[in-house]
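coords-v9.cif, holding mmCIF, C-alpha atoms (C1' of nucleotides):
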```cif
data_input
#
loop_
_atom_site.label_atom_id
_atom_site.label_comp_id
_atom_site.auth_asym_id
_atom_site.auth_seq_id
_atom_site.Cartn_x
_atom_site.Cartn_y
_atom_site.Cartn_z
CA MET A 13 26.33 13.85 9.90
CA SER A 14 23.91 10.94 9.90
CA LEU A 15 23.67 8.40 12.70
CA ASN A 16 24.84 4.83 12.35
CA VAL A 17 21.81 2.51 12.51
CA HIS A 18 23.84 -0.28 14.08
CA HIS A 19 24.88 2.11 16.85
CA LEU A 20 21.24 3.03 17.36
CA GLU A 21 20.25 -0.62 17.63
CA LEU A 22 22.85 -1.24 20.33
CA PHE A 23 21.77 1.91 22.14
CA TYR A 24 18.16 0.67 21.97
CA PHE A 25 19.11 -2.57 23.74
CA VAL A 26 21.28 -0.78 26.30
CA ALA A 27 18.47 1.68 27.10
CA LYS A 28 15.87 -1.10 27.14
CA PHE A 29 17.84 -3.33 29.52
CA GLU A 30 19.30 -0.41 31.46
CA GLY A 31 22.98 -1.10 31.12
CA ILE A 32 25.63 -2.42 28.77
CA THR A 33 26.25 -5.70 30.59
CA GLU A 34 22.55 -6.44 30.97
CA ALA A 35 21.98 -5.64 27.30
CA VAL A 36 24.77 -8.02 26.27
CA ARG A 37 23.17 -10.79 28.36
CA LYS A 38 19.68 -10.32 27.01
CA MET A 39 20.27 -9.30 23.43
CA PRO A 40 18.86 -11.67 20.82
CA TYR A 41 22.29 -12.27 19.28
CA GLY A 42 25.77 -12.78 20.67
CA ILE A 43 28.08 -9.81 21.10
CA GLN A 44 30.71 -9.03 23.71
CA GLN A 45 30.48 -6.18 26.14
CA PRO A 46 33.51 -4.21 24.82
CA ALA A 47 31.99 -4.12 21.36
CA VAL A 48 28.79 -2.57 22.69
CA SER A 49 30.73 -0.21 24.89
CA GLY A 50 32.85 0.91 21.97
CA GLN A 51 29.93 1.39 19.60
CA ILE A 52 28.01 3.41 22.17
CA SER A 53 31.10 5.57 22.70
CA GLN A 54 31.27 6.22 18.98
CA LEU A 55 27.58 7.12 18.91
CA GLU A 56 28.06 9.57 21.76
CA LYS A 57 31.16 10.98 20.12
CA SER A 58 29.37 11.50 16.81
CA LEU A 59 26.54 13.27 18.65
CA GLY A 60 28.90 15.19 20.88
CA LEU A 61 26.93 14.35 24.03
CA LYS A 62 26.35 11.63 26.65
CA LEU A 63 23.27 9.45 26.19
CA PHE A 64 23.25 7.83 29.64
CA HIS A 65 25.04 7.83 32.97
CA ARG A 66 26.86 4.56 33.47
CA ARG A 67 26.63 3.63 37.11
CA PRO A 68 23.98 3.83 38.20
CA PHE A 69 22.31 3.62 34.80
CA ALA A 70 20.18 6.63 33.88
CA LEU A 71 19.32 8.07 30.49
CA THR A 72 20.21 11.72 30.01
CA PRO A 73 17.50 13.97 28.54
CA ALA A 74 19.15 13.49 25.13
CA GLY A 75 19.17 9.72 25.70
CA GLU A 76 15.48 9.79 26.60
CA GLU A 77 14.69 11.67 23.43
CA LEU A 78 16.69 9.32 21.25
CA TYR A 79 15.19 6.25 22.92
CA ASP A 80 11.66 7.58 22.37
CA TYR A 81 12.57 8.04 18.73
CA VAL A 82 14.11 4.61 18.04
CA TYR A 83 11.83 2.57 20.30
CA PRO A 84 8.85 2.21 17.92
CA PHE A 85 11.11 0.96 15.14
CA PHE A 86 13.28 -1.58 16.97
CA SER A 87 10.54 -2.84 19.30
CA GLN A 88 8.39 -3.87 16.34
CA LEU A 89 11.02 -5.51 14.17
CA ASP A 90 10.08 -9.03 15.31
CA GLN A 91 6.43 -8.53 14.49
CA VAL A 92 7.21 -7.03 11.10
CA GLY A 93 9.31 -10.08 10.29
CA GLY A 94 6.45 -12.35 11.24
CA ARG A 95 4.04 -10.36 9.12
CA LEU A 96 6.34 -10.47 6.10
CA ARG A 97 6.76 -14.22 6.50
CA GLY A 98 3.00 -14.66 6.54
CA GLU A 99 2.82 -15.78 10.16
CA GLU A 100 0.10 -13.26 10.83
CA THR A 101 -2.47 -15.10 8.76
CA GLN A 102 -4.61 -15.90 11.78
CA HIS A 103 -4.85 -12.31 12.98
CA LEU A 104 -8.12 -10.48 12.42
CA ARG A 105 -8.61 -6.82 13.29
CA LEU A 106 -12.27 -5.91 13.59
CA ALA A 107 -13.93 -2.53 13.89
CA ALA A 108 -17.56 -2.18 14.92
CA SER A 109 -19.89 -0.28 17.20
CA ALA A 110 -19.97 -1.14 20.89
CA ALA A 111 -23.38 -2.74 20.49
CA VAL A 112 -22.23 -5.05 17.70
CA LEU A 113 -19.04 -5.97 19.53
CA ARG A 114 -20.98 -6.80 22.67
CA ASN A 115 -24.13 -8.44 21.32
CA HIS A 116 -23.29 -10.18 18.07
CA LEU A 117 -19.62 -10.70 17.43
CA PRO A 118 -18.96 -13.12 20.31
CA GLN A 119 -21.06 -15.79 18.64
CA VAL A 120 -19.68 -15.13 15.17
CA LEU A 121 -16.09 -15.16 16.39
CA GLN A 122 -16.66 -18.34 18.33
CA ALA A 123 -17.45 -20.06 15.03
CA VAL A 124 -14.47 -18.48 13.25
CA ARG A 125 -12.20 -19.68 16.04
CA SER A 126 -13.24 -23.28 15.53
CA ASP A 127 -11.72 -23.10 12.03
CA PHE A 128 -8.70 -21.01 13.06
CA PRO A 129 -7.55 -22.39 16.40
CA ASP A 130 -4.68 -19.89 16.71
CA LEU A 131 -6.98 -16.98 15.96
CA ARG A 132 -5.67 -13.68 17.29
CA LEU A 133 -8.21 -10.89 17.53
CA THR A 134 -8.09 -7.16 17.81
CA LEU A 135 -11.53 -5.68 18.45
CA ARG A 136 -11.90 -1.96 18.18
CA GLU A 137 -14.92 0.14 18.98
CA VAL A 138 -15.34 2.70 16.24
CA LYS A 139 -18.21 5.11 15.60
CA SER A 140 -20.04 4.29 12.39
CA THR A 141 -19.09 7.67 10.95
CA GLU A 142 -15.39 6.91 11.42
CA ILE A 143 -15.31 3.30 10.31
CA GLU A 144 -14.48 3.92 6.65
CA ALA A 145 -11.55 6.09 7.63
CA ALA A 146 -10.26 3.39 10.00
CA LEU A 147 -10.31 0.82 7.19
CA GLN A 148 -8.59 3.16 4.76
CA LYS A 149 -5.88 3.86 7.32
CA GLN A 150 -5.37 0.08 7.60
CA GLU A 151 -6.21 0.21 11.30
CA ALA A 152 -8.69 -2.64 10.85
CA ASP A 153 -9.12 -5.49 8.37
CA VAL A 154 -12.88 -5.80 8.52
CA ALA A 155 -15.72 -3.71 9.90
CA VAL A 156 -19.31 -4.55 10.73
CA THR A 157 -21.33 -1.41 10.34
CA ILE A 158 -24.29 0.38 8.87
CA LEU A 159 -23.87 0.68 5.10
CA HIS A 160 -24.53 3.83 3.13
CA ARG A 161 -25.59 3.93 -0.45
CA LYS A 162 -22.14 5.12 -1.38
CA THR A 163 -19.06 3.64 0.23
CA ALA A 164 -15.63 5.22 -0.03
CA PRO A 165 -13.52 4.22 -3.05
CA GLY A 166 -11.53 1.01 -2.60
CA LEU A 167 -13.91 -0.38 -0.01
CA THR A 168 -16.01 -3.48 -0.57
CA SER A 169 -19.37 -3.77 1.14
CA ILE A 170 -21.28 -6.98 1.79
CA LYS A 171 -24.86 -6.67 2.94
CA LEU A 172 -25.80 -8.78 5.95
CA LEU A 173 -29.29 -7.74 6.97
CA GLU A 174 -31.85 -4.96 6.94
CA LEU A 175 -33.07 -3.68 10.27
CA PRO A 176 -36.38 -1.82 10.50
CA GLN A 177 -36.55 1.50 12.27
CA VAL A 178 -38.59 1.44 15.44
CA LEU A 179 -39.96 3.99 17.82
CA LEU A 180 -39.08 3.02 21.35
CA VAL A 181 -41.58 4.16 23.97
CA PRO A 182 -41.86 3.59 27.72
CA LYS A 183 -43.91 0.52 28.60
CA ASN A 184 -46.86 2.59 29.88
CA ALA A 185 -46.94 5.08 26.99
CA PRO A 186 -50.50 5.63 25.73
CA ILE A 187 -49.77 4.68 22.12
CA THR A 188 -49.41 1.50 20.11
CA LYS A 189 -48.95 2.91 16.59
CA PHE A 190 -46.84 5.60 15.02
CA ARG A 191 -49.90 7.36 13.57
CA GLU A 192 -51.14 7.98 17.12
CA VAL A 193 -48.05 10.07 17.75
CA VAL A 194 -48.74 11.99 14.56
CA ALA A 195 -52.39 12.48 15.46
CA LYS A 196 -51.41 14.19 18.71
CA ALA A 197 -49.18 16.63 16.89
CA GLU A 198 -50.16 20.22 16.21
CA GLY A 199 -49.91 20.35 12.47
CA PRO A 200 -46.63 19.00 11.12
CA LEU A 201 -44.71 19.64 14.34
CA ILE A 202 -44.37 16.76 16.82
CA SER A 203 -43.50 18.10 20.26
CA GLN A 204 -43.03 14.82 22.15
CA PRO A 205 -39.43 14.69 23.45
CA LEU A 206 -37.28 12.61 21.08
CA ILE A 207 -34.06 10.71 21.76
CA THR A 208 -31.85 9.88 18.77
CA LEU A 209 -28.33 9.20 17.70
CA PRO A 210 -26.32 12.20 16.41
CA PRO A 211 -27.82 13.74 13.24
CA ASN A 212 -24.98 12.56 10.97
CA GLU A 213 -25.63 8.89 11.81
CA GLN A 214 -27.29 6.91 9.03
CA LEU A 215 -30.18 5.92 11.33
CA SER A 216 -30.93 9.58 12.08
CA LEU A 217 -30.68 10.52 8.41
CA LEU A 218 -33.10 7.76 7.36
CA PHE A 219 -35.55 8.68 10.09
CA GLN A 220 -35.51 12.36 9.17
CA ALA A 221 -35.96 11.40 5.49
CA GLY A 222 -39.05 9.40 6.49
CA LEU A 223 -40.49 12.36 8.39
CA LYS A 224 -39.87 14.62 5.41
CA LYS A 225 -41.78 12.28 3.11
CA ARG A 226 -44.74 12.68 5.42
CA ASP A 227 -44.24 16.42 5.80
CA LEU A 228 -43.62 16.02 9.50
CA GLN A 229 -41.11 17.74 11.73
CA TRP A 230 -39.79 16.13 14.88
CA ASP A 231 -36.55 17.50 16.26
CA PRO A 232 -34.55 15.56 18.81
CA SER A 233 -34.50 16.86 22.35
CA MET A 234 -31.77 14.46 23.37
CA GLU A 235 -28.82 13.13 21.44
CA VAL A 236 -26.90 10.03 22.57
CA SER A 237 -23.84 8.31 21.16
CA GLU A 238 -25.00 4.69 21.06
CA VAL A 239 -28.25 2.78 20.71
CA GLY A 240 -27.93 1.16 24.12
CA LEU A 241 -28.35 4.59 25.72
CA ILE A 242 -31.60 5.15 23.83
CA GLU A 243 -33.24 2.20 25.60
CA ARG A 244 -31.97 3.43 28.91
CA TYR A 245 -33.24 6.99 28.63
CA VAL A 246 -36.56 5.95 27.08
CA SER A 247 -37.23 3.63 29.99
CA ASP A 248 -36.34 6.46 32.37
CA GLY A 249 -39.02 8.64 30.77
CA PHE A 250 -36.83 11.14 28.92
CA GLY A 251 -38.86 10.74 25.75
CA TYR A 252 -39.44 8.44 22.80
CA GLY A 253 -36.44 7.04 21.00
CA ILE A 254 -35.54 6.11 17.46
CA THR A 255 -33.59 2.89 17.20
CA LEU A 256 -33.28 -0.36 15.28
CA ASN A 257 -35.21 -3.56 15.72
CA ILE A 258 -32.71 -6.36 15.97
CA PRO A 259 -34.37 -9.75 15.65
CA GLY A 260 -33.53 -12.19 18.38
CA ILE A 261 -32.62 -9.48 20.86
CA ALA A 262 -35.38 -8.86 23.39
CA TRP A 263 -36.16 -5.33 24.59
CA PRO A 264 -36.00 -4.59 28.30
CA LYS A 265 -39.40 -4.97 29.97
CA THR A 266 -39.51 -1.24 30.65
CA VAL A 267 -39.92 -0.28 26.97
CA ARG A 268 -41.99 -1.19 23.92
CA ALA A 269 -40.93 -1.03 20.28
CA ILE A 270 -43.33 0.35 17.71
CA ARG A 271 -42.57 -0.35 14.07
CA LEU A 272 -42.33 2.67 11.81
CA PRO A 273 -44.10 2.29 8.44
CA ALA A 274 -41.47 0.69 6.21
CA ALA A 275 -42.75 2.45 3.09
CA ASP A 276 -41.45 5.79 4.29
CA PHE A 277 -38.98 4.83 6.98
CA ALA A 278 -36.41 2.76 5.10
CA PRO A 279 -34.69 -0.01 6.99
CA VAL A 280 -31.06 0.43 7.94
CA VAL A 281 -28.70 -1.86 6.06
CA VAL A 282 -26.02 -3.52 8.16
CA GLY A 283 -23.11 -5.23 6.51
CA VAL A 284 -19.41 -5.95 6.35
CA LEU A 285 -16.91 -3.49 4.96
CA HIS A 286 -13.32 -4.22 4.02
CA MET A 287 -10.53 -2.89 1.85
CA GLY A 288 -8.83 -4.91 -0.87
CA ASN A 289 -8.61 -8.67 -0.63
CA LEU A 290 -9.30 -10.42 2.63
CA LYS A 291 -7.09 -13.10 4.13
CA ALA A 292 -8.60 -16.56 4.63
CA VAL A 293 -9.58 -15.74 8.18
CA GLY A 294 -11.32 -12.58 6.98
CA ASN A 295 -13.25 -14.49 4.33
CA ARG A 296 -14.29 -17.04 6.91
CA PHE A 297 -15.50 -14.24 9.17
CA VAL A 298 -17.68 -12.87 6.39
CA LYS A 299 -19.19 -16.31 5.68
CA VAL A 300 -19.97 -16.92 9.33
CA ALA A 301 -21.40 -13.42 9.74
CA GLN A 302 -23.70 -13.99 6.76
CA ALA A 303 -24.92 -17.27 8.24
CA TYR A 304 -25.45 -15.59 11.60
CA ALA A 305 -27.44 -12.76 9.98
CA LYS A 306 -29.58 -15.29 8.13
CA GLU A 307 -30.42 -17.04 11.40
CA LEU A 308 -31.32 -13.69 12.98
CA MET A 309 -33.73 -12.93 10.15
CA LYS A 310 -35.32 -16.34 10.54
CA ALA A 311 -35.89 -15.60 14.20
CA ALA A 312 -37.72 -12.40 13.26
"C1'" DC B 21 40.20 -6.01 -15.92
"C1'" DA B 22 42.27 -8.30 -12.01
"C1'" DA B 23 45.46 -8.04 -8.23
"C1'" DT B 24 47.19 -5.40 -4.39
"C1'" DG B 25 47.56 -2.52 -0.43
"C1'" DA B 26 45.61 1.22 2.53
"C1'" DT B 27 41.82 2.38 5.23
"C1'" DG B 28 37.77 2.08 8.10
"C1'" DC B 29 34.51 -0.50 10.76
"C1'" DT B 30 33.32 -4.00 13.91
"C1'" DG B 31 34.42 -7.81 16.35
"C1'" DT B 32 37.11 -10.68 20.29
"C1'" DC B 33 40.15 -11.29 24.21
"C1'" DA B 34 42.86 -9.80 28.12
"C1'" DG B 35 43.30 -6.85 31.50
"C1'" DA B 36 43.05 -2.18 33.89
"C1'" DG B 37 40.17 1.24 36.35
"C1'" DC B 38 36.53 2.43 39.32
"C1'" DA B 39 32.44 2.48 42.52
"C1'" DC B 40 30.16 0.04 46.04
"C1'" DG C 6 36.61 -8.41 46.66
"C1'" DT C 7 32.90 -8.03 43.25
"C1'" DG C 8 30.76 -6.40 39.34
"C1'" DC C 9 30.57 -3.14 35.61
"C1'" DT C 10 32.84 -0.41 32.14
"C1'" DC C 11 36.60 1.07 29.44
"C1'" DT C 12 41.04 0.55 26.90
"C1'" DG C 13 44.47 -1.61 24.07
"C1'" DA C 14 46.05 -5.10 20.90
"C1'" DC C 15 44.86 -7.59 17.23
"C1'" DA C 16 41.80 -10.09 13.53
"C1'" DG C 17 38.27 -10.39 9.83
"C1'" DC C 18 35.92 -8.18 6.29
"C1'" DA C 19 34.41 -4.68 2.84
"C1'" DT C 20 35.52 -0.70 0.14
"C1'" DC C 21 38.34 2.10 -2.65
"C1'" DA C 22 42.30 3.82 -5.11
"C1'" DT C 23 46.29 2.38 -7.34
"C1'" DT C 24 49.06 -0.47 -10.21
"C1'" DG C 25 50.48 -3.62 -13.89
#
```
Could you write out this file's structure as structure tokens?
Amino acid sequence: MSLNVHHLELFYFVAKFEGITEAVRKMPYGIQQPAVSGQISQLEKSLGLKLFHRRPFALTPAGEELYDYVYPFFSQLDQVGGRLRGEETQHLRLAASAAVLRNHLPQVLQAVRSDFPDLRLTLREVKSTEIEAALQKQEADVAVTILHRKTAPGLTSIKLLELPQVLLVPKNAPITKFREVVAKAEGPLISQPLITLPPNEQLSLLFQAGLKKRDLQWDPSMEVSEVGLIERYVSDGFGYGITLNIPGIAWPKTVRAIRLPAADFAPVVVGVLHMGNLKAVGNRFVKVAQAYAKELMKAA
DNA sequence: CAATGATGCTGTCAGAGCAC
DNA sequence: GTGCTCTGACAGCATCATTG
């Protein structure tokens, strides 16, 4: 025997407002207390069990379970209506790395907000390896991330800028060029401690590809989850780090950045990813991000 | 095919029952 | 007594089977 959805809706309000009378007062439409009481009785009768104790109000275990089940549906009905009516046009859900969210998006979003005064934002920190999945699951509208040669089907990528790979060394390190590191190596093996992102990150892949081209081997001794940590541990003397040179962003005084030869160590491409067609606010975001990237490159 | 009546569901109003 | 809940009587509406 299936449950009556109208009964479930009334039960949702009764459980939410903790009582029949309170539910009647606060419900978004007019209904009298006896009607609610009667409908709830029918629901309980059809289930063959009590859903809540009346006075004082308390959900029974069965009531708790049913409330947990119906809550996500009824609590989001208003928002769904708004979305269907197109009232969500000024909502932008963004996915990006922590570094991008912290260092770059504030300025870009400031500009977007001047065109969309009612802009509502959802910013989500997502690892670059999980960003495509987040877009495909519709958990975000747009992502700013490192682009691969191949993006997942259905995704559109827009290139913003290319960032050169750099070797980050402590300020007092006795080298100024990458070839000096190589010169100190015993054969192809570089033994200097190395700090990198996880091996499946695009930056790590491109760096290892560059080493391979030069028949070098340099295995990381320390793996960190975000580029900000590389700076930190390099300046604390844990080793040299592989990171990106972002124009306009100054390095801490405790480290120095050494450019890796671009011929072998390909720059990392950063861009915007999205699925399907973007709303106006999404398109505006892309335009502003492109302008911002252009300014950054000029500053380089 | 349209009209009719039975049935079921949900609603209101008035008022009774009950706990504090 | 007060406030909350339930019960009973009755109305409006939709559906469905029956009837002419």
With a cut-off of 8 Å, could you pull out the residues of chain A touching chain C and give me the nearest pair of atoms for each, distance in Å to one decimal, using only C-alpha atoms (C1' of nucleotides), ordered by chain and ascending number, as JSON lines?
```
{"residue": "A:Thr33", "atom": "CA", "partner": "C:DC9", "partner_atom": "C1'", "distance": 7.1}
{"residue": "A:Pro46", "atom": "CA", "partner": "C:DC11", "partner_atom": "C1'", "distance": 7.7}
{"residue": "A:Ser49", "atom": "CA", "partner": "C:DC11", "partner_atom": "C1'", "distance": 7.5}
{"residue": "A:Arg66", "atom": "CA", "partner": "C:DT10", "partner_atom": "C1'", "distance": 7.9}
{"residue": "A:Arg67", "atom": "CA", "partner": "C:DC9", "partner_atom": "C1'", "distance": 8.0}
```
Extract, using only C-alpha atoms (C1' of nucleotides), all DNA, RNA and protein residues at most 9 Å from A:Tyr79, discarding same-chain residues fewer than 5 positions from it, and format them as number ranges by chain.
A: 20, 23-24, 27-28, 71, 74
Give the residues of chain B that lie within 8 Å of chain A; count only C-alpha atoms (C1' of nucleotides), and format the answer as an MDAnalysis selection string.
chainID B and resid 30:32
So how far away is atom CA of A:Lys265 from atom CA of A:Leu179, in Å?
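Atom-to-atom, atom CA of A:Leu179 and atom CA of A:Lys265 are spaced 15.1 Å apart.
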What does the PyMOL selection byres ((chain A and resi 62) around 8) select in this file, as number ranges by chain?
A: 56, 60-61, 63-65, 72, 74-75
On this structure, the PyMOL selection byres ((chain A and resi 152) around 12) would catch which residues? List them as an MDAnalysis selection string, sorted by chain and number.
chainID A and resid 103:108 133:138 142:151 153:156 285:288 290 294
Could you write those residues out with C-alpha atoms, as a PDB file, keeping the file's coordinate frame?
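Below you can see again.pdb, which holds the result:
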```
ATOM      1  CA  HIS A 103      -4.850 -12.310  12.980  1.00  0.00           C
ATOM      2  CA  LEU A 104      -8.120 -10.480  12.420  1.00  0.00           C
ATOM      3  CA  ARG A 105      -8.610  -6.820  13.290  1.00  0.00           C
ATOM      4  CA  LEU A 106     -12.270  -5.910  13.590  1.00  0.00           C
ATOM      5  CA  ALA A 107     -13.930  -2.530  13.890  1.00  0.00           C
ATOM      6  CA  ALA A 108     -17.560  -2.180  14.920  1.00  0.00           C
ATOM      7  CA  LEU A 133      -8.210 -10.890  17.530  1.00  0.00           C
ATOM      8  CA  THR A 134      -8.090  -7.160  17.810  1.00  0.00           C
ATOM      9  CA  LEU A 135     -11.530  -5.680  18.450  1.00  0.00           C
ATOM     10  CA  ARG A 136     -11.900  -1.960  18.180  1.00  0.00           C
ATOM     11  CA  GLU A 137     -14.920   0.140  18.980  1.00  0.00           C
ATOM     12  CA  VAL A 138     -15.340   2.700  16.240  1.00  0.00           C
ATOM     13  CA  GLU A 142     -15.390   6.910  11.420  1.00  0.00           C
ATOM     14  CA  ILE A 143     -15.310   3.300  10.310  1.00  0.00           C
ATOM     15  CA  GLU A 144     -14.480   3.920   6.650  1.00  0.00           C
ATOM     16  CA  ALA A 145     -11.550   6.090   7.630  1.00  0.00           C
ATOM     17  CA  ALA A 146     -10.260   3.390  10.000  1.00  0.00           C
ATOM     18  CA  LEU A 147     -10.310   0.820   7.190  1.00  0.00           C
ATOM     19  CA  GLN A 148      -8.590   3.160   4.760  1.00  0.00           C
ATOM     20  CA  LYS A 149      -5.880   3.860   7.320  1.00  0.00           C
ATOM     21  CA  GLN A 150      -5.370   0.080   7.600  1.00  0.00           C
ATOM     22  CA  GLU A 151      -6.210   0.210  11.300  1.00  0.00           C
ATOM     23  CA  ASP A 153      -9.120  -5.490   8.370  1.00  0.00           C
ATOM     24  CA  VAL A 154     -12.880  -5.800   8.520  1.00  0.00           C
ATOM     25  CA  ALA A 155     -15.720  -3.710   9.900  1.00  0.00           C
ATOM     26  CA  VAL A 156     -19.310  -4.550  10.730  1.00  0.00           C
ATOM     27  CA  LEU A 285     -16.910  -3.490   4.960  1.00  0.00           C
ATOM     28  CA  HIS A 286     -13.320  -4.220   4.020  1.00  0.00           C
ATOM     29  CA  MET A 287     -10.530  -2.890   1.850  1.00  0.00           C
ATOM     30  CA  GLY A 288      -8.830  -4.910  -0.870  1.00  0.00           C
ATOM     31  CA  LEU A 290      -9.300 -10.420   2.630  1.00  0.00           C
ATOM     32  CA  GLY A 294     -11.320 -12.580   6.980  1.00  0.00           C
TER      33      GLY A 294
END
```
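In this model, the gap between atom CA of A:Pro205 and atom CA of A:Lys225 comes to 20.6 Å.
The spacing separating atom CA of A:Leu180 from atom CA of A:Phe250 amounts to 11.3 Å.
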Evaluate the PyMOL selection byres ((chain A and resi 17) around 12) and record the selected residues as a list in words, following the chain and residue labels used in the document.
Ser14, Leu15, Asn16, His18, His19, Leu20, Glu21, Leu22, Phe23, Tyr24, Gln51, Ile52, Leu55, Val82, Phe85 and Phe86 of chain A
Quick one: everything within 10 Å of A:Arg296, counting all atoms listed in the file, minus sequence neighbours fewer than 3 positions away in the same chain. Send it as number ranges by chain.
A: 121, 123-125, 127-128, 290-293, 299-302
Padding of 5 Å on every side, edges along x, y and z, all listed atoms of stretch 18-21 of chain C included: what centre and edge lengths in Å, to one decimal, does that box have, as AutoDock Vina command-line options?
```
--center_x 36.4 --center_y -3.0 --center_z 1.8 --size_x 13.9 --size_y 20.3 --size_z 18.9
```
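Excluding A:Asp276 itself and same-chain residues fewer than 4 positions from it, the residues having an atom within 8 Å of it are Ala221, Gly222, Leu223, Lys225 and Arg226 of chain A, counting all atoms listed in the file.
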